[in-house]
>>> print(open('input_6.txt').read())   # compact mmCIF, C-alpha atoms
# COMPACT_ATOMS: atom_id res chain seq x y z
CA MET A 1 55.33 -6.96 90.28
CA GLU A 2 53.65 -5.31 93.24
CA THR A 3 50.55 -7.09 94.50
CA GLY A 4 47.80 -5.99 96.81
CA LYS A 5 44.35 -4.53 96.73
CA LYS A 6 43.10 -3.31 93.38
CA LYS A 7 42.76 0.47 93.23
CA LEU A 8 39.13 1.53 93.24
CA ASN A 9 37.86 3.47 90.24
CA PHE A 10 35.35 6.20 91.11
CA THR A 11 33.29 8.64 89.14
CA PRO A 12 34.22 12.26 90.07
CA PHE A 13 31.25 12.71 92.42
CA ALA A 14 31.72 9.33 94.08
CA ARG A 15 35.38 10.14 94.73
CA ARG A 16 34.55 13.50 96.30
CA PHE A 17 31.75 11.88 98.29
CA ARG A 18 34.11 9.31 99.79
CA GLU A 19 36.76 11.91 100.59
CA SER A 20 34.39 14.54 101.99
CA THR A 21 34.29 15.33 105.69
CA SER A 22 31.96 18.31 105.33
CA GLY A 23 28.67 18.54 107.15
CA THR A 24 25.15 18.52 105.90
CA VAL A 25 21.94 20.42 106.49
CA VAL A 26 19.69 17.47 105.78
CA GLU A 27 20.92 14.53 107.83
CA GLN A 28 18.15 12.28 109.12
CA ASP A 29 18.56 9.26 111.38
CA HIS A 30 15.10 8.00 112.13
CA GLU A 31 12.14 6.32 110.51
CA PHE A 32 11.70 4.86 107.10
CA GLY A 33 8.36 6.38 106.14
CA LYS A 34 4.69 5.55 106.14
CA ARG A 35 4.22 3.84 102.78
CA ARG A 36 6.18 0.63 103.33
CA PRO A 37 9.52 -0.52 104.70
CA PRO A 38 12.24 0.33 102.17
CA VAL A 39 13.70 -2.60 100.32
CA ALA A 40 17.28 -1.60 101.08
CA GLY A 41 16.88 0.22 104.38
CA MET A 42 17.69 3.65 102.98
CA HIS A 43 17.27 6.47 105.47
CA ARG A 44 15.35 9.56 104.47
CA LEU A 45 17.17 12.32 102.59
CA ALA A 46 20.37 10.34 102.36
CA PHE A 47 22.32 8.32 99.85
CA GLY A 48 21.77 4.59 100.19
CA ALA A 49 24.66 3.93 97.85
CA VAL A 50 27.36 5.78 95.97
CA THR A 51 29.56 3.02 94.63
CA GLU A 52 32.79 2.89 92.72
CA LYS A 53 32.92 1.26 89.29
CA ARG A 54 32.50 -2.41 90.20
CA ASP A 55 32.51 -5.66 88.29
CA MET A 56 28.93 -6.85 88.11
CA PRO A 57 27.36 -9.43 85.76
CA LEU A 58 24.51 -7.86 83.82
CA GLY A 59 22.28 -10.74 84.79
CA HIS A 60 22.75 -9.87 88.44
CA LEU A 61 22.09 -6.19 87.76
CA HIS A 62 18.88 -7.21 85.98
CA ASP A 63 17.81 -9.13 89.10
CA LEU A 64 18.55 -6.14 91.34
CA ILE A 65 16.34 -3.97 89.13
CA THR A 66 13.43 -6.39 88.73
CA SER A 67 13.28 -7.96 92.20
CA GLY A 68 16.10 -6.56 94.35
CA VAL A 69 17.17 -3.33 96.01
CA LEU A 70 16.97 -1.34 92.76
CA GLN A 71 13.40 -2.40 92.02
CA SER A 72 11.60 0.50 90.36
CA THR A 73 8.31 1.24 88.66
CA PHE A 74 9.90 3.51 86.04
CA ILE A 75 13.08 2.64 84.13
CA PHE A 76 14.56 5.61 82.23
CA PRO A 77 17.22 4.56 79.69
CA ASP A 78 19.38 7.14 77.97
CA THR A 79 19.95 7.06 74.22
CA CYS A 80 23.20 5.10 74.40
CA PHE A 81 21.54 2.44 76.50
CA ILE A 82 19.24 1.71 73.56
CA SER A 83 21.75 2.11 70.74
CA ALA A 84 24.87 0.51 72.29
CA PRO A 85 25.16 -3.29 72.50
CA MET A 86 23.26 -4.86 75.39
CA LEU A 87 22.36 -8.47 76.22
CA ASP A 88 18.78 -9.24 75.25
CA LYS A 89 18.10 -10.85 78.64
CA PHE A 90 18.66 -7.50 80.29
CA TRP A 91 15.49 -6.13 78.69
CA ARG A 92 13.29 -8.96 79.86
CA PHE A 93 11.42 -6.70 82.24
CA GLY A 94 8.05 -7.79 80.97
CA GLY A 95 5.17 -6.23 82.84
CA ARG A 96 7.20 -5.60 86.00
CA CYS A 97 8.00 -1.98 85.23
CA LEU A 98 7.49 0.78 82.71
CA ILE A 99 10.22 1.76 80.27
CA ALA A 100 10.08 5.54 80.32
CA PHE A 101 11.62 8.24 78.14
CA ALA A 102 12.23 11.91 78.56
CA GLU A 103 10.93 13.93 75.62
CA SER A 104 14.47 14.89 74.58
CA THR A 105 15.50 11.24 74.30
CA ILE A 106 13.03 10.46 71.50
CA PRO A 107 14.65 12.63 68.76
CA GLU A 108 18.04 11.18 69.68
CA LEU A 109 16.69 7.68 69.03
CA SER A 110 15.65 8.47 65.45
CA ALA A 111 18.89 7.16 63.91
CA TRP A 112 18.56 3.86 65.77
CA ILE A 113 14.87 3.58 64.88
CA ASP A 114 15.72 4.04 61.20
CA ASN A 115 18.68 1.66 61.36
CA PRO A 116 18.92 -0.58 64.46
CA PHE A 117 22.67 -1.17 64.22
CA ASN A 118 22.61 -2.73 67.72
CA ASN A 119 19.95 -4.42 69.82
CA LYS A 120 17.76 -5.39 66.88
CA TYR A 121 15.62 -7.46 69.22
CA LEU A 122 14.31 -4.19 70.68
CA HIS A 123 13.29 -3.03 67.23
CA ASP A 124 10.54 -5.64 67.21
CA TRP A 125 8.46 -3.61 69.66
CA LEU A 126 10.05 -0.38 70.90
CA PRO A 127 9.57 1.82 67.78
CA ARG A 128 5.99 0.59 67.57
CA ALA A 129 5.35 1.59 71.18
CA ILE A 130 6.95 4.99 70.65
CA ARG A 131 4.78 5.66 67.59
CA GLN A 132 1.67 4.71 69.53
CA CYS A 133 2.62 7.11 72.32
CA LEU A 134 3.33 9.99 69.95
CA ALA A 135 0.01 9.47 68.15
CA GLN A 136 -1.94 10.17 71.34
CA ASN A 137 -3.29 13.58 72.26
CA ILE A 138 -2.03 14.86 75.59
CA ARG A 139 -3.22 17.52 78.01
CA PRO A 140 -0.70 20.07 79.32
CA ASP A 141 -1.04 18.66 82.84
CA GLN A 142 -0.84 15.00 81.81
CA LEU A 143 2.42 13.45 83.02
CA PHE A 144 2.98 11.02 80.17
CA ARG A 145 1.57 9.07 77.24
CA ARG A 146 1.59 5.32 77.56
CA ALA A 147 1.51 2.39 75.13
CA ASP A 148 1.33 -1.31 76.00
CA VAL A 149 2.69 -3.67 73.37
CA LEU A 150 3.85 -7.26 72.98
CA GLY A 151 7.44 -7.95 72.02
CA ALA A 152 9.29 -11.13 71.14
CA TYR A 153 11.87 -12.59 73.49
CA GLY A 154 13.15 -15.72 71.79
CA THR A 155 10.06 -17.79 71.12
CA GLU A 156 8.03 -16.02 73.81
CA LEU A 157 5.93 -12.89 73.74
CA GLN A 158 6.49 -10.42 76.55
CA PRO A 159 4.29 -7.46 77.52
CA TYR A 160 6.05 -4.10 77.60
CA GLY A 161 4.74 -0.81 78.91
CA VAL A 162 6.36 2.28 77.39
CA VAL A 163 5.77 5.88 78.43
CA ILE A 164 6.98 9.22 77.02
CA CYS A 165 6.91 11.93 79.65
CA ASN A 166 5.46 15.38 79.14
CA ASN A 167 7.83 18.13 80.30
CA ALA A 168 5.05 20.73 80.25
CA ALA A 169 3.34 18.95 83.15
CA TYR A 170 6.36 19.53 85.38
CA LEU A 171 6.84 23.24 84.67
CA PRO A 172 4.36 24.33 87.41
CA HIS A 173 6.47 22.40 89.90
CA GLY A 174 9.95 23.90 89.74
CA TYR A 175 11.25 21.83 86.83
CA GLN A 176 12.78 24.75 84.93
CA HIS A 177 14.58 26.08 88.01
CA TYR A 178 16.58 22.91 88.57
CA LEU A 179 17.11 22.33 84.87
CA ASP A 180 18.68 25.79 84.67
CA LEU A 181 20.95 25.13 87.67
CA LEU A 182 22.17 21.82 86.28
CA GLY A 183 22.55 23.37 82.84
CA LEU A 184 24.82 26.11 84.17
CA ARG A 185 27.50 23.51 84.77
CA LYS A 186 27.61 22.91 81.03
CA LEU A 187 27.05 26.48 79.91
CA ILE A 188 29.98 27.75 81.95
CA GLY A 189 32.32 26.03 79.49
CA ASN A 190 31.28 28.36 76.67
CA VAL A 191 31.26 31.41 78.98
CA VAL A 192 34.83 30.68 80.05
CA TYR A 193 35.90 30.06 76.45
CA GLN A 194 34.50 33.42 75.29
CA ALA A 195 36.11 35.30 78.20
CA LEU A 196 39.43 33.54 77.72
CA SER A 197 39.43 34.28 74.00
CA VAL A 198 38.83 37.97 74.71
CA LYS A 199 41.64 37.99 77.25
CA LEU A 200 44.06 36.34 74.79
CA ASN A 201 42.84 38.47 71.89
CA ARG A 202 42.48 35.28 69.85
CA PRO A 203 40.45 32.06 69.97
CA ALA A 204 41.55 30.01 72.96
CA THR A 205 42.89 26.53 72.26
CA GLU A 206 41.32 23.41 73.74
CA ALA A 207 44.37 22.93 75.94
CA GLU A 208 44.09 26.49 77.29
CA LEU A 209 40.38 26.06 77.97
CA LYS A 210 40.95 22.75 79.77
CA GLN A 211 43.65 24.33 81.91
CA ASP A 212 41.35 27.19 82.90
CA LEU A 213 38.44 24.88 83.69
CA ASN A 214 40.65 22.50 85.69
CA LYS A 215 41.86 25.43 87.78
CA ASN A 216 38.59 27.25 88.38
CA PHE A 217 35.92 24.54 88.20
CA PRO A 218 37.43 21.37 89.69
CA GLY A 219 35.00 18.52 90.00
CA PHE A 220 32.99 19.25 86.87
CA GLU A 221 35.61 20.57 84.47
CA ARG A 222 34.93 17.63 82.15
CA LEU A 223 31.24 18.47 82.01
CA ALA A 224 32.01 22.16 81.37
CA PHE A 225 34.39 21.26 78.54
CA LYS A 226 31.73 19.01 77.03
CA GLY A 227 29.29 21.91 77.31
CA TRP A 228 31.65 24.06 75.24
CA LYS A 229 32.21 21.35 72.61
CA GLU A 230 28.49 20.70 72.19
CA TYR A 231 27.30 24.28 72.57
CA GLY A 232 24.40 25.03 70.23
CA LYS A 233 23.64 21.40 69.41
CA PRO A 234 20.03 20.19 69.39
CA ASN A 235 19.05 18.55 72.67
CA TYR A 236 21.96 20.29 74.37
CA PHE A 237 20.40 19.58 77.78
CA ALA A 238 19.27 16.02 77.01
CA ASP A 239 21.31 14.58 79.91
CA GLU A 240 19.87 17.06 82.37
CA GLU A 241 16.32 16.61 81.09
CA LEU A 242 16.65 12.84 81.46
CA VAL A 243 17.67 13.15 85.10
CA MET A 244 15.09 15.81 85.86
CA THR A 245 12.26 13.91 84.20
CA ALA A 246 13.06 10.67 86.02
CA VAL A 247 13.22 12.32 89.44
CA PHE A 248 10.14 14.50 88.93
CA THR A 249 8.16 11.51 87.65
CA ALA A 250 9.12 9.56 90.77
CA LEU A 251 7.97 12.41 93.01
CA ALA A 252 4.77 13.06 91.07
CA MET A 253 3.74 9.40 90.94
CA GLU A 254 5.22 8.54 94.36
CA ARG A 255 6.93 5.55 92.85
CA GLU A 256 10.55 4.51 92.47
CA ALA A 257 12.45 5.46 89.34
CA LEU A 258 15.81 4.38 87.94
CA VAL A 259 18.01 5.97 85.29
CA LEU A 260 20.10 3.64 83.12
CA THR A 261 23.03 5.33 81.45
CA ARG A 262 26.39 4.79 79.83
CA ASP A 263 27.32 8.44 80.30
CA THR A 264 29.28 9.52 83.40
CA ASP A 265 27.86 13.03 83.05
CA VAL A 266 24.32 11.73 83.57
CA PHE A 267 25.47 9.98 86.75
CA GLU A 268 27.17 13.16 87.98
CA GLN A 269 24.16 15.36 87.32
CA PHE A 270 21.88 12.90 89.10
CA CYS A 271 24.03 13.10 92.23
CA ASN A 272 24.19 16.89 92.00
CA LEU A 273 20.41 17.14 91.74
CA MET A 274 20.00 15.07 94.90
CA GLN A 275 22.11 17.58 96.79
CA MET A 276 20.21 20.58 95.44
CA LEU A 277 16.80 19.12 96.24
CA SER A 278 17.80 18.07 99.74
CA ALA A 279 19.31 21.43 100.74
CA ASP A 280 16.38 23.40 99.30
CA TYR A 281 13.89 21.11 101.03
CA ALA A 282 15.60 21.76 104.36
CA ALA A 283 15.45 25.53 103.73
CA TRP A 284 11.76 25.30 102.81
CA ARG A 285 10.95 23.32 105.96
CA VAL A 286 12.76 25.85 108.14
CA GLY A 287 10.96 28.73 106.44
CA GLU A 288 7.60 27.08 107.03
CA SER A 289 8.44 26.41 110.67
CA ILE A 290 9.62 30.00 111.33
CA HIS A 291 6.43 31.32 109.73
CA HIS A 292 4.13 29.13 111.82
CA GLN A 293 6.15 29.12 115.07
CA PRO A 294 8.14 32.39 115.18
CA ASP A 295 8.52 32.28 118.97
CA PHE A 296 10.42 29.00 118.72
CA TYR A 297 13.36 30.64 116.94
CA SER A 298 15.93 33.24 117.88
CA LEU A 299 17.01 34.87 114.64
CA LYS A 300 20.29 36.75 114.69
CA ALA A 301 20.78 39.98 112.74
CA VAL A 302 24.01 39.92 110.71
CA ALA A 303 25.51 42.88 108.84
CA THR A 304 26.56 41.84 105.34
CA SER A 305 29.23 44.49 104.69
CA PRO A 306 32.01 42.84 106.74
CA HIS A 307 31.53 39.54 104.93
CA LYS A 308 32.47 39.35 101.26
CA LEU A 309 30.31 36.32 100.49
CA LEU A 310 27.28 37.80 102.22
CA LYS A 311 27.76 41.15 100.51
CA GLU A 312 27.96 39.44 97.12
CA GLY A 313 24.99 37.18 97.81
CA PHE A 314 22.54 39.57 99.47
CA SER A 315 21.36 43.07 98.60
CA ASP A 316 20.37 43.78 102.22
CA ASP A 317 22.65 45.62 104.63
CA VAL A 318 21.44 43.26 107.35
CA ILE A 319 20.14 39.72 107.02
CA GLN A 320 18.87 37.20 109.56
CA GLU A 321 20.49 33.88 110.28
CA ILE A 322 19.90 30.92 112.50
CA VAL A 323 22.17 27.98 113.29
CA LEU A 324 20.45 24.72 114.17
CA PRO A 325 21.99 21.55 115.60
CA HIS A 326 21.18 18.15 114.24
CA GLU A 327 18.65 17.44 116.99
CA VAL A 328 16.51 20.45 116.04
CA MET A 329 16.62 19.50 112.38
CA GLN A 330 15.15 16.16 113.38
CA ILE A 331 12.26 17.89 115.16
CA LEU A 332 11.51 19.98 112.06
CA SER A 333 11.17 16.92 109.88
CA PRO A 334 7.59 15.77 109.27
CA ARG A 335 6.93 12.70 111.40
CA GLU A 336 4.85 11.13 108.65
CA PHE A 337 6.37 11.07 105.20
CA THR A 338 6.42 8.98 102.07
CA PRO A 339 9.88 7.79 100.96
CA ILE A 340 10.62 7.85 97.25
CA HIS A 341 13.69 5.91 96.15
CA VAL A 342 15.49 7.08 93.03
CA HIS A 343 18.51 5.41 91.47
CA CYS A 344 21.04 5.99 88.73
CA VAL A 345 23.03 3.10 87.28
CA LEU A 346 26.09 3.81 85.14
CA ILE A 347 27.39 0.94 83.01
CA GLY A 348 30.84 1.22 81.50
CA ASN A 349 33.26 -1.02 79.62
CA ASN A 350 31.47 -3.73 77.59
CA THR A 351 28.70 -6.27 78.01
CA ASP A 352 31.14 -9.10 78.73
CA GLU A 353 33.00 -7.29 81.52
CA PRO A 354 30.77 -4.40 82.58
CA LYS A 355 31.80 -1.86 85.21
CA VAL A 356 28.80 -0.67 87.17
CA SER A 357 28.40 2.41 89.37
CA ILE A 358 25.23 2.92 91.41
CA SER A 359 23.82 5.94 93.17
CA SER A 360 20.65 5.61 95.23
CA PHE A 361 18.88 8.31 97.20
CA CYS A 362 15.77 8.53 99.36
CA LEU A 363 13.65 11.56 98.58
CA GLU A 364 10.18 12.08 100.03
CA ALA A 365 6.87 12.96 98.47
CA GLU A 366 6.42 15.93 100.80
CA MET A 367 9.06 17.74 98.73
CA LYS A 368 6.29 18.60 96.30
CA GLY A 369 5.31 21.50 98.56
CA MET A 370 8.76 23.00 98.12
CA LEU A 371 8.68 22.43 94.36
CA ASN A 372 5.37 24.26 94.04
CA VAL A 373 6.88 27.23 95.87
CA LYS A 374 9.87 27.14 93.50
CA ALA A 375 7.54 27.53 90.53
CA GLU A 376 5.39 30.17 92.21
CA THR A 377 8.33 32.38 93.21
CA GLY A 378 10.69 31.82 90.29
CA GLY A 379 13.16 29.67 92.22
CA MET A 380 12.92 30.78 95.86
CA ASN A 381 12.76 28.31 98.76
CA THR A 382 9.90 30.11 100.52
CA ASN A 383 6.95 32.39 99.90
CA ARG A 384 6.59 33.36 103.55
CA PHE A 385 8.83 36.43 103.79
CA GLY A 386 7.90 38.61 100.84
CA THR A 387 10.90 39.10 98.57
CA ARG A 388 13.28 37.55 101.07
CA ASP A 389 14.44 33.97 100.57
CA VAL A 390 15.80 31.27 102.89
CA SER A 391 19.09 29.67 101.88
CA ALA A 392 20.74 26.65 103.49
CA GLY A 393 24.35 26.04 104.39
CA SER A 394 26.46 24.66 107.21
CA ARG A 395 28.79 25.97 109.90
CA GLU A 396 31.28 24.17 112.10
CA ILE A 397 30.94 24.90 115.82
CA ASN A 398 33.26 23.22 118.33
CA GLY A 399 34.23 20.58 115.80
CA ARG A 400 30.64 19.72 114.93
CA MET A 401 28.73 20.73 111.82
CA HIS A 402 25.46 22.60 112.27
CA ALA A 403 22.81 23.63 109.77
CA LEU A 404 22.93 27.32 108.84
CA PHE A 405 19.98 29.18 107.36
CA MET A 406 20.04 32.79 106.14
CA ILE A 407 17.02 34.97 105.36
CA GLY A 408 17.35 38.00 103.11
CA ASN A 409 16.94 39.52 99.65
CA GLN A 410 19.31 37.74 97.32
CA ARG A 411 21.19 39.35 94.46
CA MET A 412 20.29 38.00 91.04
CA MET A 413 22.41 37.46 87.95
CA THR A 414 21.86 36.30 84.38
CA MET A 415 24.09 33.92 82.46
CA GLU A 416 23.28 32.62 79.00
CA GLY A 417 19.70 33.83 79.33
CA ARG A 418 19.13 32.13 82.69
CA THR A 419 18.43 34.30 85.72
CA VAL A 420 19.32 32.80 89.10
CA SER A 421 20.38 34.12 92.47
CA LYS A 422 24.11 34.58 92.98
CA LEU A 423 23.96 32.13 95.88
CA ASN A 424 22.40 29.50 93.63
CA MET A 425 24.98 30.28 90.97
CA THR A 426 27.76 29.77 93.50
CA ARG A 427 26.23 26.49 94.56
CA ALA A 428 25.86 25.31 90.97
CA MET A 429 29.50 26.14 90.30
CA SER A 430 30.74 24.37 93.44
CA SER A 431 31.87 20.76 93.65
CA ARG A 432 31.54 20.73 97.44
CA ILE A 433 29.68 17.76 98.87
CA THR A 434 26.71 18.88 100.97
CA VAL A 435 25.08 15.50 101.59
CA THR A 436 27.78 13.26 103.02
CA GLN A 437 25.79 10.59 104.83
CA LEU A 438 25.68 7.07 103.46
CA LYS A 439 22.82 5.76 105.55
CA ALA A 440 22.73 2.11 104.66
CA PRO A 441 24.95 -0.91 105.09
CA GLU A 442 28.18 -0.47 103.19
CA ARG A 443 27.31 -3.30 100.85
CA MET A 444 23.68 -2.40 100.27
CA ILE A 445 24.40 -3.15 96.61
CA ASP A 446 25.72 -6.70 96.59
CA THR A 447 27.84 -7.14 93.45
CA SER A 448 28.22 -10.90 93.68
CA ALA A 449 26.33 -13.04 91.20
CA ARG A 450 23.61 -15.18 92.64
>>> encode(input="input_6.txt", output="structure tokens")
Amino acid sequence: METGKKKLNFTPFARRFRESTSGTVVEQDHEFGKRRPPVAGMHRLAFGAVTEKRDMPLGHLHDLITSGVLQSTFIFPDTCFISAPMLDKFWRFGGRCLIAFAESTIPELSAWIDNPFNNKYLHDWLPRAIRQCLAQNIRPDQLFRRADVLGAYGTELQPYGVVICNNAAYLPHGYQHYLDLLGLRKLIGNVVYQALSVKLNRPATEAELKQDLNKNFPGFERLAFKGWKEYGKPNYFADEELVMTAVFTALAMEREALVLTRDTDVFEQFCNLMQMLSADYAAWRVGESIHHQPDFYSLKAVATSPHKLLKEGFSDDVIQEIVLPHEVMQILSPREFTPIHVHCVLIGNNTDEPKVSISSFCLEAEMKGMLNVKAETGGMNTNRFGTRDVSAGSREINGRMHALFMIGNQRMMTMEGRTVSKLNMTRAMSSRITVTQLKAPERMIDTSAR
């Protein structure tokens, strides 16, 4: 039998991330922020970790979350993390953090609340906390409802803080825009199925749909197929709402948040959201800088007609573009900023031999300015140029990637009731890695048991 190194097992995003050599518009090298030194040394607007599926004792993972590099104020479990078997020690968070839920998670927990087929030790306190939260009145702008309860852990009583987030509070801050973009990756499965069935003049088979998705949407064909299978189900966007709620809560509260999931799709959507936020934040910063310091920039007029992608993406005959090297992007970054660490932990296999994947990213609180513009303009990255938007991309010049920004009126399109720009649609449908930097020691996440 052949011996040697064990082949690494990656999630789809992690595999593409490791293989990618593309550039980025958001790379940052300096400073860790004004609030406090980061626990794990993550650089701003960069992944601190995107790991393969590793062997990791759950006790060690618990330590990383409560007192290590994954330490977070808000812990967002998905439904399966509550209903699937889990060691009771893992939930011994006590008063160290808040166990938080997206609104869409609560209805999915009803079956477990009625019949706790696994993790009965949670049933001692979690349903009680949820009921207390739901019984509270809440203002539209209030981020969440909170209940503090005592729960039994063996012979001890532990304090637990539980919150249920309020989606309505995030709507004035660009929440719906990103939820729509993430959702398109699922909705495209049904769109392709309908088009394929029309083309074949009969209902397409699952095999035919999979073949089409594999060919035209590599990188998220599994998510698109799942979107077709589950189309029309209640809480269709529960995965996306979980990710969105966790990240927006972290930004709103300026505190770390962590998503716990057993679903690879949740992990994938988390990583995709990090890329979208980072690129849009760079575009917003550039738009602000051009508005306030127009003499600093030399914008180039570019005719769209000779370029198919530009013609499809913009309604203008001529747009403006600017290419910026990495050094200029550094200058545009605010010197003072507040780092916000967000994490997603995917646990596979079983509780005895778990396989753990971790993604960590450093956002910054100053992104809230961009999110407010998103809500104000219906998804644009700027409100400084009338109906024209700023979009971010990259261009290779002399073997080196530069940041590319284009200013113009973007063409819009509607799919499944969601209206987005064609450029955003293209981005949502792409599996290209736009944030390639892993700005932390390779083994930021130590998998060895202590």
>>> closest_atom_pairs(input="input_6.txt", of="region 147-250 of chain A", to="region 339-351 of chain A", cutoff="12 Å", atoms="all atoms listed in the file", output="tab-separated table")
residue	atom	partner	partner_atom	distance
A:Leu242	CA	A:Cys344	CA	10.9
A:Val243	CA	A:Cys344	CA	8.7
A:Met244	CA	A:Val342	CA	11.3
A:Thr245	CA	A:Val342	CA	11.6
A:Ala246	CA	A:Val342	CA	8.2
A:Val247	CA	A:Val342	CA	6.7
A:Phe248	CA	A:Val342	CA	10.0
A:Thr249	CA	A:Val342	CA	10.1
A:Ala250	CA	A:Ile340	CA	6.9
>>> atom_distance(input="input_6.txt", atom1="CA of Leu273 (chain A)", atom2="CA of Tyr178 (chain A)")
7.6 Å
>>> closest_residue(input="input_6.txt", among="A:Gly378, A:Leu8, A:Tyr236, A:Ala283", to="Gln176 (chain A)", atoms="only C-alpha atoms")
A:Gly378
>>> residues_around(input="input_6.txt", residues="Leu209 (chain A)", least_positions_apart="6", cutoff="9 Å", atoms="all atoms listed in the file", output="list in words")
Gly189, Val192, Tyr193, Leu196 and Phe225 of chain A
>>> atom_distance(input="input_6.txt", atom1="CA of Arg16 (chain A)", atom2="CA of Ser430 (chain A)")
11.9 Å
>>> residues_around(input="input_6.txt", residues="Asn166 (chain A)", least_positions_apart="2", cutoff="12 Å", atoms="only C-alpha atoms", output="ChimeraX atom specification")
/A:100-106,133-134,136-146,163-164,168-171,175,241-242,244-246,248-249
>>> residues_around(input="input_6.txt", residues="region 10-13 of chain A", least_positions_apart="5", cutoff="7 Å", atoms="all atoms listed in the file", output="list in words")
Glu52, Lys53, Gly219 and Glu268 of chain A
>>> residues_around(input="input_6.txt", residues="Asp148 (chain A)", least_positions_apart="5", cutoff="8 Å", atoms="only C-alpha atoms", output="CSV table (one decimal) with C-alpha atoms, keeping the file's coordinate frame")
chain,number,residue,atom,x,y,z
A,129,ALA,CA,5.4,1.6,71.2
A,159,PRO,CA,4.3,-7.5,77.5
A,160,TYR,CA,6.0,-4.1,77.6
A,161,GLY,CA,4.7,-0.8,78.9
A,162,VAL,CA,6.4,2.3,77.4
>>> axis_aligned_box(input="input_6.txt", around="region 406-414 of chain A", padding_each_side="5 Å", output="lines of an AutoDock Vina configuration file")
center_x = 19.7
center_y = 36.2
center_z = 95.3
size_x = 15.5
size_y = 16.7
size_z = 31.8
>>> residues_around(input="input_6.txt", residues="Tyr231 (chain A)", least_positions_apart="3", cutoff="9 Å", atoms="only C-alpha atoms", output="NGL selection string")
:A and (186-187 or 189-190 or 226-228 or 234 or 236)
>>> atom_distance(input="input_6.txt", atom1="CA of Glu364 (chain A)", atom2="CA of Pro334 (chain A)")
10.3 Å
>>> decode(input="input_6.txt", residues="region 231-242 of chain A", atoms="N, CA and C atoms", output="PDB file, in the first residue's frame")
ATOM      1  N   TYR A 231     -36.628  24.644  -3.328  1.00  0.00           N
ATOM      2  CA  TYR A 231     -37.330  25.837  -3.793  1.00  0.00           C
ATOM      3  C   TYR A 231     -38.772  25.869  -3.270  1.00  0.00           C
ATOM      4  N   GLY A 232     -39.145  26.986  -2.680  1.00  0.00           N
ATOM      5  CA  GLY A 232     -40.496  27.149  -2.160  1.00  0.00           C
ATOM      6  C   GLY A 232     -40.685  26.721  -0.723  1.00  0.00           C
ATOM      7  N   LYS A 233     -39.661  26.123  -0.110  1.00  0.00           N
ATOM      8  CA  LYS A 233     -39.787  25.689   1.269  1.00  0.00           C
ATOM      9  C   LYS A 233     -39.769  26.891   2.221  1.00  0.00           C
ATOM     10  N   PRO A 234     -40.435  26.762   3.362  1.00  0.00           N
ATOM     11  CA  PRO A 234     -40.327  27.818   4.377  1.00  0.00           C
ATOM     12  C   PRO A 234     -38.866  27.978   4.805  1.00  0.00           C
ATOM     13  N   ASN A 235     -38.493  29.185   5.147  1.00  0.00           N
ATOM     14  CA  ASN A 235     -37.123  29.463   5.576  1.00  0.00           C
ATOM     15  C   ASN A 235     -36.106  29.047   4.514  1.00  0.00           C
ATOM     16  N   TYR A 236     -36.461  29.300   3.254  1.00  0.00           N
ATOM     17  CA  TYR A 236     -35.609  28.930   2.131  1.00  0.00           C
ATOM     18  C   TYR A 236     -34.219  29.565   2.266  1.00  0.00           C
ATOM     19  N   PHE A 237     -34.159  30.775   2.795  1.00  0.00           N
ATOM     20  CA  PHE A 237     -32.885  31.483   2.928  1.00  0.00           C
ATOM     21  C   PHE A 237     -32.356  31.455   4.365  1.00  0.00           C
ATOM     22  N   ALA A 238     -32.692  30.420   5.113  1.00  0.00           N
ATOM     23  CA  ALA A 238     -32.268  30.352   6.519  1.00  0.00           C
ATOM     24  C   ALA A 238     -30.747  30.377   6.651  1.00  0.00           C
ATOM     25  N   ASP A 239     -30.036  29.665   5.763  1.00  0.00           N
ATOM     26  CA  ASP A 239     -28.567  29.650   5.823  1.00  0.00           C
ATOM     27  C   ASP A 239     -28.008  31.051   5.611  1.00  0.00           C
ATOM     28  N   GLU A 240     -28.529  31.716   4.592  1.00  0.00           N
ATOM     29  CA  GLU A 240     -28.046  33.053   4.273  1.00  0.00           C
ATOM     30  C   GLU A 240     -28.394  34.054   5.370  1.00  0.00           C
ATOM     31  N   GLU A 241     -29.580  33.933   5.941  1.00  0.00           N
ATOM     32  CA  GLU A 241     -29.973  34.845   7.013  1.00  0.00           C
ATOM     33  C   GLU A 241     -29.117  34.622   8.253  1.00  0.00           C
ATOM     34  N   LEU A 242     -28.743  33.392   8.521  1.00  0.00           N
ATOM     35  CA  LEU A 242     -27.867  33.109   9.652  1.00  0.00           C
ATOM     36  C   LEU A 242     -26.536  33.830   9.481  1.00  0.00           C
TER      37      LEU A 242
END
